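A.B. asks: My file is model37.tsv. It has TSV, C-alpha atoms:
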chain	number	residue	atom	x	y	z
A	1	MET	CA	88.61	98.98	103.71
A	2	ARG	CA	88.75	102.61	104.65
A	3	LYS	CA	87.19	105.06	102.20
A	4	PRO	CA	89.53	106.69	99.62
A	5	LEU	CA	91.70	109.47	100.99
A	6	VAL	CA	90.20	112.01	98.59
A	7	ALA	CA	86.81	111.41	100.19
A	8	ALA	CA	88.30	111.55	103.67
A	9	LEU	CA	90.07	114.85	102.99
A	10	THR	CA	86.92	116.36	101.48
A	11	ALA	CA	84.96	115.42	104.58
A	12	LEU	CA	87.61	117.00	106.79
A	13	ALA	CA	87.60	120.22	104.81
A	14	ILE	CA	83.82	120.49	105.09
A	15	ALA	CA	83.92	119.79	108.82
A	16	GLY	CA	86.86	122.13	109.40
A	17	ILE	CA	88.88	119.43	111.15
A	18	GLY	CA	92.68	119.35	111.21
A	19	ALA	CA	95.16	116.60	110.43
A	20	ALA	CA	94.17	114.35	113.33
A	21	PRO	CA	90.46	113.73	112.71
A	22	ALA	CA	88.13	111.31	114.43
A	23	VAL	CA	84.63	110.01	113.87
A	24	ALA	CA	82.18	109.08	116.58
A	25	ALA	CA	81.80	105.37	117.23
A	26	PRO	CA	79.34	103.64	119.57
A	27	ALA	CA	80.48	101.35	122.32
A	28	ALA	CA	80.67	97.64	121.56
A	29	LYS	CA	80.36	94.84	124.07
A	30	ALA	CA	83.46	92.74	124.58
A	31	ASP	CA	83.30	89.05	123.66
A	32	THR	CA	85.56	87.98	126.51
A	33	LYS	CA	85.42	89.07	130.15
A	34	THR	CA	88.66	89.83	131.94
A	35	ASP	CA	89.51	88.93	135.52
A	36	SER	CA	89.13	92.15	137.52
A	37	LYS	CA	91.35	90.70	140.25
A	38	ALA	CA	94.31	90.17	137.94
A	39	ALA	CA	97.16	92.65	138.18
A	40	ALA	CA	96.97	95.30	135.47
A	41	PRO	CA	99.88	95.21	133.02
A	42	THR	CA	102.39	98.04	133.07
A	43	LEU	CA	101.61	100.25	130.09
A	44	GLN	CA	104.25	102.11	128.14
A	45	ALA	CA	103.98	105.17	125.96
A	46	VAL	CA	103.63	104.17	122.31
A	47	THR	CA	105.10	106.63	119.80
A	48	LEU	CA	105.27	106.93	116.01
A	49	ALA	CA	108.88	105.72	115.89
A	50	GLY	CA	109.20	102.98	113.28
A	51	THR	CA	105.95	103.80	111.52
A	52	VAL	CA	105.97	104.82	107.87
A	53	ALA	CA	103.79	106.92	105.58
A	54	LEU	CA	102.84	105.41	102.22
A	55	SER	CA	101.39	107.40	99.33
A	56	ASN	CA	97.88	106.29	100.27
A	57	CYS	CA	98.11	104.44	103.60
A	58	SER	CA	100.08	103.84	106.78
A	59	GLY	CA	102.58	101.12	107.66
A	60	SER	CA	105.50	100.17	109.87
A	61	VAL	CA	109.01	98.73	109.74
A	62	ILE	CA	108.68	95.29	111.34
A	63	ARG	CA	110.85	92.40	112.37
A	64	PHE	CA	110.02	88.89	113.50
A	65	PRO	CA	111.29	87.20	116.68
A	66	GLY	CA	113.90	85.36	114.59
A	67	SER	CA	115.02	88.29	112.44
A	68	LEU	CA	118.68	89.35	112.56
A	69	ASP	CA	120.01	92.90	112.48
A	70	THR	CA	121.78	92.05	109.22
A	71	ASP	CA	118.54	90.93	107.53
A	72	PRO	CA	116.82	93.18	105.00
A	73	ALA	CA	114.13	95.13	106.84
A	74	LEU	CA	110.42	94.63	106.13
A	75	VAL	CA	107.48	97.03	105.93
A	76	LEU	CA	103.97	95.91	106.92
A	77	SER	CA	100.79	97.43	105.50
A	78	ASN	CA	97.47	96.26	104.00
A	79	GLY	CA	96.88	94.26	100.86
A	80	HIS	CA	94.36	96.88	99.76
A	81	CYS	CA	97.07	99.58	99.94
A	82	LEU	CA	98.96	98.36	96.86
A	83	THR	CA	99.51	101.01	94.19
A	84	SER	CA	98.01	98.59	91.66
A	85	GLY	CA	94.64	98.56	93.44
A	86	PHE	CA	92.62	95.95	95.31
A	87	LEU	CA	93.43	92.28	94.90
A	88	ASP	CA	90.71	89.84	93.85
A	89	PRO	CA	89.42	87.27	96.35
A	90	GLY	CA	91.81	84.30	96.19
A	91	GLU	CA	94.62	86.38	94.68
A	92	VAL	CA	98.07	86.19	96.30
A	93	LEU	CA	101.20	88.03	95.16
A	94	THR	CA	104.70	86.90	96.15
A	95	ASN	CA	108.23	88.17	95.50
A	96	GLN	CA	107.36	90.83	92.94
A	97	SER	CA	109.88	93.52	92.08
A	98	SER	CA	109.04	96.89	93.66
A	99	THR	CA	110.71	100.26	94.16
A	100	ARG	CA	107.96	101.73	96.33
A	101	THR	CA	109.11	104.33	98.86
A	102	PHE	CA	108.11	104.86	102.49
A	103	GLY	CA	108.55	107.91	104.72
A	104	LEU	CA	110.16	106.77	107.99
A	105	LEU	CA	108.96	108.61	111.10
A	106	ASN	CA	110.62	109.18	114.47
A	107	SER	CA	108.85	109.25	117.83
A	108	SER	CA	107.40	112.73	117.30
A	109	GLY	CA	106.20	111.99	113.79
A	110	THR	CA	108.97	113.82	111.96
A	111	ARG	CA	109.97	112.22	108.66
A	112	VAL	CA	113.64	111.33	109.04
A	113	ALA	CA	114.27	109.21	105.94
A	114	THR	CA	112.86	107.75	102.75
A	115	LEU	CA	113.12	103.97	102.63
A	116	ARG	CA	112.84	102.02	99.39
A	117	ALA	CA	111.53	98.55	98.64
A	118	SER	CA	113.43	95.96	96.65
A	119	LYS	CA	110.36	93.76	96.29
A	120	LEU	CA	106.83	93.08	97.42
A	121	ALA	CA	107.41	89.89	99.38
A	122	TYR	CA	103.75	89.03	100.01
A	123	ALA	CA	100.29	90.50	99.56
A	124	THR	CA	96.72	89.23	99.74
A	125	MET	CA	93.21	90.30	100.66
A	126	THR	CA	92.07	86.72	101.22
A	127	ASP	CA	91.55	85.50	104.82
A	128	THR	CA	93.56	88.56	105.89
A	129	ASP	CA	94.46	91.97	104.44
A	130	VAL	CA	98.22	92.31	104.39
A	131	SER	CA	101.20	93.43	102.32
A	132	ILE	CA	104.84	92.97	103.29
A	133	TYR	CA	107.63	94.74	101.42
A	134	GLN	CA	111.32	93.88	101.65
A	135	LEU	CA	113.55	96.96	101.80
A	136	THR	CA	116.97	97.73	100.34
A	137	SER	CA	118.16	98.58	103.89
A	138	THR	CA	118.94	96.26	106.80
A	139	TYR	CA	117.65	96.79	110.32
A	140	ALA	CA	121.17	97.70	111.44
A	141	THR	CA	121.51	100.32	108.72
A	142	ILE	CA	118.19	101.96	109.62
A	143	ARG	CA	118.99	102.00	113.34
A	144	ASN	CA	122.56	103.25	112.90
A	145	SER	CA	121.60	105.92	110.37
A	146	TYR	CA	118.37	107.24	111.89
A	147	GLY	CA	118.17	105.89	115.44
A	148	ILE	CA	114.95	104.00	114.64
A	149	SER	CA	114.41	100.37	115.63
A	150	ALA	CA	111.90	98.09	113.92
A	151	LEU	CA	108.71	97.05	115.71
A	152	THR	CA	108.59	93.36	116.64
A	153	VAL	CA	105.63	91.24	115.53
A	154	GLN	CA	104.02	89.18	118.29
A	155	ASP	CA	103.86	85.52	117.26
A	156	THR	CA	101.01	84.54	119.61
A	157	HIS	CA	97.29	85.27	119.37
A	158	PRO	CA	96.30	88.64	120.90
A	159	THR	CA	94.06	88.77	123.97
A	160	ALA	CA	90.70	90.47	124.46
A	161	GLY	CA	90.89	93.48	126.76
A	162	THR	CA	94.49	94.33	125.85
A	163	ALA	CA	95.28	98.04	125.78
A	164	ILE	CA	96.41	98.91	122.24
A	165	THR	CA	97.48	101.84	120.10
A	166	VAL	CA	96.85	102.17	116.37
A	167	ALA	CA	99.81	104.22	115.10
A	168	SER	CA	99.11	105.95	111.78
A	169	GLY	CA	102.17	107.12	109.88
A	170	TYR	CA	100.03	108.76	107.21
A	171	TRP	CA	98.19	111.02	109.66
A	172	LYS	CA	101.00	111.07	112.26
A	173	THR	CA	98.31	110.23	114.80
A	174	LEU	CA	97.91	107.71	117.62
A	175	TYR	CA	94.56	106.11	118.45
A	176	SER	CA	94.35	104.33	121.82
A	177	CYS	CA	91.68	101.85	122.91
A	178	ASN	CA	91.37	98.15	123.81
A	179	VAL	CA	90.87	94.87	122.00
A	180	ASP	CA	87.11	94.42	122.25
A	181	GLY	CA	87.00	90.89	120.89
A	182	PHE	CA	87.45	88.72	117.82
A	183	VAL	CA	85.25	88.08	114.80
A	184	TYR	CA	84.89	84.60	113.31
A	185	ARG	CA	84.41	86.03	109.82
A	186	LEU	CA	84.44	89.68	108.75
A	187	LYS	CA	82.80	90.21	105.35
A	188	GLU	CA	83.21	93.36	103.26
A	189	GLY	CA	82.07	93.42	99.66
A	190	ASP	CA	83.68	90.46	97.87
A	191	TRP	CA	86.24	89.83	100.63
A	192	THR	CA	86.14	87.67	103.75
A	193	TRP	CA	88.67	87.84	106.60
A	194	LYS	CA	89.15	85.28	109.34
A	195	ASP	CA	89.46	85.84	113.09
A	196	SER	CA	89.54	89.63	112.80
A	197	LEU	CA	90.30	91.87	115.77
A	198	ARG	CA	87.61	94.37	116.82
A	199	TYR	CA	88.45	97.61	118.65
A	200	THR	CA	86.49	99.30	121.40
A	201	SER	CA	84.88	102.52	120.19
A	202	ALA	CA	87.72	104.83	121.27
A	203	CYS	CA	89.82	103.88	118.21
A	204	GLN	CA	88.09	106.16	115.73
A	205	THR	CA	90.28	105.37	112.72
A	206	ILE	CA	89.62	106.92	109.29
A	207	GLY	CA	90.84	106.76	105.68
A	208	GLY	CA	94.63	106.79	105.55
A	209	THR	CA	95.03	104.76	108.73
A	210	SER	CA	94.85	101.53	106.71
A	211	GLY	CA	98.00	99.50	107.28
A	212	SER	CA	98.79	101.06	110.66
A	213	PRO	CA	100.42	98.74	113.20
A	214	VAL	CA	98.23	97.82	116.17
A	215	ILE	CA	100.61	97.89	119.12
A	216	ASP	CA	100.19	96.19	122.50
A	217	GLN	CA	100.82	98.98	125.03
A	218	SER	CA	102.31	96.59	127.59
A	219	THR	CA	104.87	94.92	125.31
A	220	GLY	CA	105.38	97.35	122.44
A	221	LYS	CA	104.82	94.49	119.98
A	222	VAL	CA	102.63	94.60	116.88
A	223	VAL	CA	99.59	92.33	117.29
A	224	ALA	CA	97.57	93.27	114.19
A	225	VAL	CA	97.34	95.56	111.17
A	226	ASN	CA	94.51	98.11	111.00
A	227	ASN	CA	92.31	97.75	107.91
A	228	THR	CA	88.63	98.70	108.02
A	229	GLY	CA	85.52	99.94	109.79
A	230	ASN	CA	81.77	100.17	109.33
A	231	GLU	CA	81.09	103.76	108.28
A	232	ASP	CA	77.41	103.95	107.37
A	233	GLY	CA	75.71	101.01	109.10
A	234	ALA	CA	75.20	99.12	105.83
A	235	THR	CA	75.57	95.34	105.78
A	236	CYS	CA	78.61	93.61	104.28
A	237	THR	CA	79.29	96.31	101.64
A	238	VAL	CA	82.59	98.07	100.84
A	239	ASN	CA	83.49	100.32	103.81
A	240	ASN	CA	80.72	98.63	105.81
A	241	PRO	CA	81.99	95.23	106.97
A	242	CYS	CA	79.69	92.91	108.87
A	243	GLU	CA	80.48	90.26	111.46
A	244	VAL	CA	79.44	86.67	110.76
A	245	THR	CA	79.43	83.97	113.44
A	246	GLU	CA	80.22	80.31	112.82
A	247	SER	CA	76.47	79.62	112.76
A	248	GLY	CA	75.89	82.34	110.16
A	249	THR	CA	74.46	85.09	112.36
A	250	VAL	CA	75.25	88.53	110.91
A	251	THR	CA	75.91	91.58	113.10
A	252	VAL	CA	76.52	95.16	111.97
A	253	ARG	CA	78.31	97.62	114.26
A	254	LYS	CA	78.16	101.09	112.76
A	255	GLY	CA	81.24	103.18	113.60
A	256	ILE	CA	83.27	100.24	114.91
A	257	ASN	CA	86.69	99.51	113.42
A	258	TYR	CA	88.76	96.40	112.86
A	259	ALA	CA	92.24	94.98	112.27
A	260	GLN	CA	93.67	91.74	110.94
A	261	GLU	CA	95.84	89.53	113.14
A	262	ILE	CA	99.43	88.86	112.11
A	263	TYR	CA	100.70	86.37	114.71
A	264	GLN	CA	100.71	83.62	112.05
A	265	ILE	CA	103.01	85.54	109.66
A	266	PRO	CA	106.43	84.97	111.36
A	267	ALA	CA	106.20	81.22	110.64
A	268	CYS	CA	106.16	82.03	106.91
A	269	PHE	CA	109.46	83.95	106.90
A	270	THR	CA	112.66	82.01	107.44
A	271	THR	CA	116.42	82.65	107.25
A	272	GLY	CA	117.25	86.12	105.97
A	273	ASN	CA	113.63	87.29	106.30
A	274	GLN	CA	112.79	85.34	103.14
A	275	LEU	CA	109.23	84.22	102.43
A	276	ASN	CA	108.66	80.46	102.58
A	277	LEU	CA	104.98	79.57	102.31
A	278	SER	CA	105.90	75.88	102.60
A	279	ALA	CA	107.54	76.32	106.01
A	280	ALA	CA	106.16	74.37	108.96
A	281	GLY	CA	103.34	76.26	110.64
A	282	CYS	CA	102.78	78.69	107.75
A	283	VAL	CA	99.05	79.07	107.14
A	284	LEU	CA	98.99	82.17	104.92
A	285	PRO	CA	97.04	81.75	101.66
A	286	LYS	CA	99.21	80.54	98.79
A	287	PRO	CA	99.12	81.64	95.12
What is this structure when it is put down as structure tokens?

C.D. replies:
Amino acid sequence: MRKPLVAALTALAIAGIGAAPAVAAPAAKADTKTDSKAAAPTLQAVTLAGTVALSNCSGSVIRFPGSLDTDPALVLSNGHCLTSGFLDPGEVLTNQSSTRTFGLLNSSGTRVATLRASKLAYATMTDTDVSIYQLTSTYATIRNSYGISALTVQDTHPTAGTAITVASGYWKTLYSCNVDGFVYRLKEGDWTWKDSLRYTSACQTIGGTSGSPVIDQSTGKVVAVNNTGNEDGATCTVNNPCEVTESGTVTVRKGINYAQEIYQIPACFTTGNQLNLSAAGCVLPKP
């Protein structure tokens, strides 16, 4: 998880950095080679439209491939961004009443509305690090009132080498880099995450970027949710995740940051954007 925002802000004040800070990160070798002869995808400009600012983190208004405009909208962030604090390993929350608010941003990062949750639909820090809130507004209402469309979640596994943007609503900042590769297990303190996405060093995310959507620059779809990075070079401690291979080999990459994949989440939400952990293809941890 990213360090607490109080610590991040203190560090910025000491360094004299403004509201779009960055920390140096060393280059990391990609796990998968790309075909240099393949045609490069057409990249599009990613903006902050559809991102949200939470009290302590970032997030985004999302929809799934099967979502309807009349469905209640959803907000995606991290499980460790809950106002109640970190969840225990193995803990899963579903369909809990919530009135949490989110600042909706337009393309330039201007706050255009305050959205409100009706419930916390799902949250866990086991296998992944995700929270999904259901809002009191529909997608159609948000688009018609504020001109903002939800970001669509990609329902297939992301690809190494893909150009991505981490869009932080909290900092109103965009971080652009590439998918460097995937991690069999990412361990941080008491938590373990599966098949995590690793960035190349250009995505120098910091505290407050937790929960940011990771957007494929060629499709505009959300492929992951930003959640952590190794800050000090320590091994498998809080704010210093380590990579573990299937054979048990541990690797530490100081300054490198990570996200959790979300392609498996759409299968767990059915008609009306309602959570159904028993639905075919749903592999999210259950309570």

A.B. asks: Using all atoms listed in the file, which residues sit within 7 Å of range 96-98 of chain A once same-chain residues fewer than 4 positions away are excluded, as an mmCIF file with C-alpha atoms, keeping the file's coordinate frame?

C.D. replies:
data_model
loop_
_atom_site.group_PDB
_atom_site.id
_atom_site.type_symbol
_atom_site.label_atom_id
_atom_site.label_comp_id
_atom_site.auth_asym_id
_atom_site.auth_seq_id
_atom_site.Cartn_x
_atom_site.Cartn_y
_atom_site.Cartn_z
ATOM 1 C CA ALA A 117 111.530 98.550 98.640
ATOM 2 C CA SER A 118 113.430 95.960 96.650
ATOM 3 C CA LYS A 119 110.360 93.760 96.290
ATOM 4 C CA LEU A 120 106.830 93.080 97.420
ATOM 5 C CA ALA A 121 107.410 89.890 99.380
#

A.B. asks: Which polymer residues have any atom within 7 Å of an atom of Asn106 in chain A, counting all atoms listed in the file, with same-chain residues fewer than 4 positions away left out, as a list in words?

C.D. replies: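 Close residues of Asn106 in chain A: Leu48, Ala49, Gly50, Thr110, Arg111, Val112 and Ile148 of chain A.
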
A.B. asks: Which is closest to Ala140 in chain A among A:Ser67, A:Ser176, A:Thr51, A:Ser107, if we use only C-alpha atoms?

C.D. replies: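 Answer, going by the shortest atom-to-atom distance: A:Ser67.
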
A.B. asks: Rounded to one decimal in Å, what is the spacing between CA of Thr152 in chain A and CA of Ala280 in chain A?

C.D. replies: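 A separation of 20.6 Å between them.
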
A.B. asks: What does the structure give for the distance between CA of Thr141 in chain A and CA of Arg63 in chain A, in Å to one decimal?

C.D. replies: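 Pair CA of Thr141 in chain A / CA of Arg63 in chain A returns 13.8 Å.
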
A.B. asks: My list of candidates is A:Gly147, A:Val283, A:Val183, A:Glu231. Which is closest to Gly248 in chain A when distances are computed with all atoms listed in the file?

C.D. replies: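 Among the listed residues, the smallest separation from Gly248 in chain A belongs to A:Val183.
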
A.B. asks: If we count all atoms listed in the file, what is near Val179 in chain A at a cut-off of 12 Å, once residues fewer than 2 positions away on the same chain are taken out, given as a ChimeraX atom specification?

C.D. replies: /A:28-34,157-166,176-177,181-183,196-203,214-217,223-224,256-261

A.B. asks: Store the residues picked out above, limited to C-alpha atoms, as a short mmCIF file (atom, residue, chain, number, x, y, z; two decimals), in the frame of the given file.

C.D. replies:
data_model
loop_
_atom_site.label_atom_id
_atom_site.label_comp_id
_atom_site.auth_asym_id
_atom_site.auth_seq_id
_atom_site.Cartn_x
_atom_site.Cartn_y
_atom_site.Cartn_z
CA ALA A 28 80.67 97.64 121.56
CA LYS A 29 80.36 94.84 124.07
CA ALA A 30 83.46 92.74 124.58
CA ASP A 31 83.30 89.05 123.66
CA THR A 32 85.56 87.98 126.51
CA LYS A 33 85.42 89.07 130.15
CA THR A 34 88.66 89.83 131.94
CA HIS A 157 97.29 85.27 119.37
CA PRO A 158 96.30 88.64 120.90
CA THR A 159 94.06 88.77 123.97
CA ALA A 160 90.70 90.47 124.46
CA GLY A 161 90.89 93.48 126.76
CA THR A 162 94.49 94.33 125.85
CA ALA A 163 95.28 98.04 125.78
CA ILE A 164 96.41 98.91 122.24
CA THR A 165 97.48 101.84 120.10
CA VAL A 166 96.85 102.17 116.37
CA SER A 176 94.35 104.33 121.82
CA CYS A 177 91.68 101.85 122.91
CA GLY A 181 87.00 90.89 120.89
CA PHE A 182 87.45 88.72 117.82
CA VAL A 183 85.25 88.08 114.80
CA SER A 196 89.54 89.63 112.80
CA LEU A 197 90.30 91.87 115.77
CA ARG A 198 87.61 94.37 116.82
CA TYR A 199 88.45 97.61 118.65
CA THR A 200 86.49 99.30 121.40
CA SER A 201 84.88 102.52 120.19
CA ALA A 202 87.72 104.83 121.27
CA CYS A 203 89.82 103.88 118.21
CA VAL A 214 98.23 97.82 116.17
CA ILE A 215 100.61 97.89 119.12
CA ASP A 216 100.19 96.19 122.50
CA GLN A 217 100.82 98.98 125.03
CA VAL A 223 99.59 92.33 117.29
CA ALA A 224 97.57 93.27 114.19
CA ILE A 256 83.27 100.24 114.91
CA ASN A 257 86.69 99.51 113.42
CA TYR A 258 88.76 96.40 112.86
CA ALA A 259 92.24 94.98 112.27
CA GLN A 260 93.67 91.74 110.94
CA GLU A 261 95.84 89.53 113.14
#
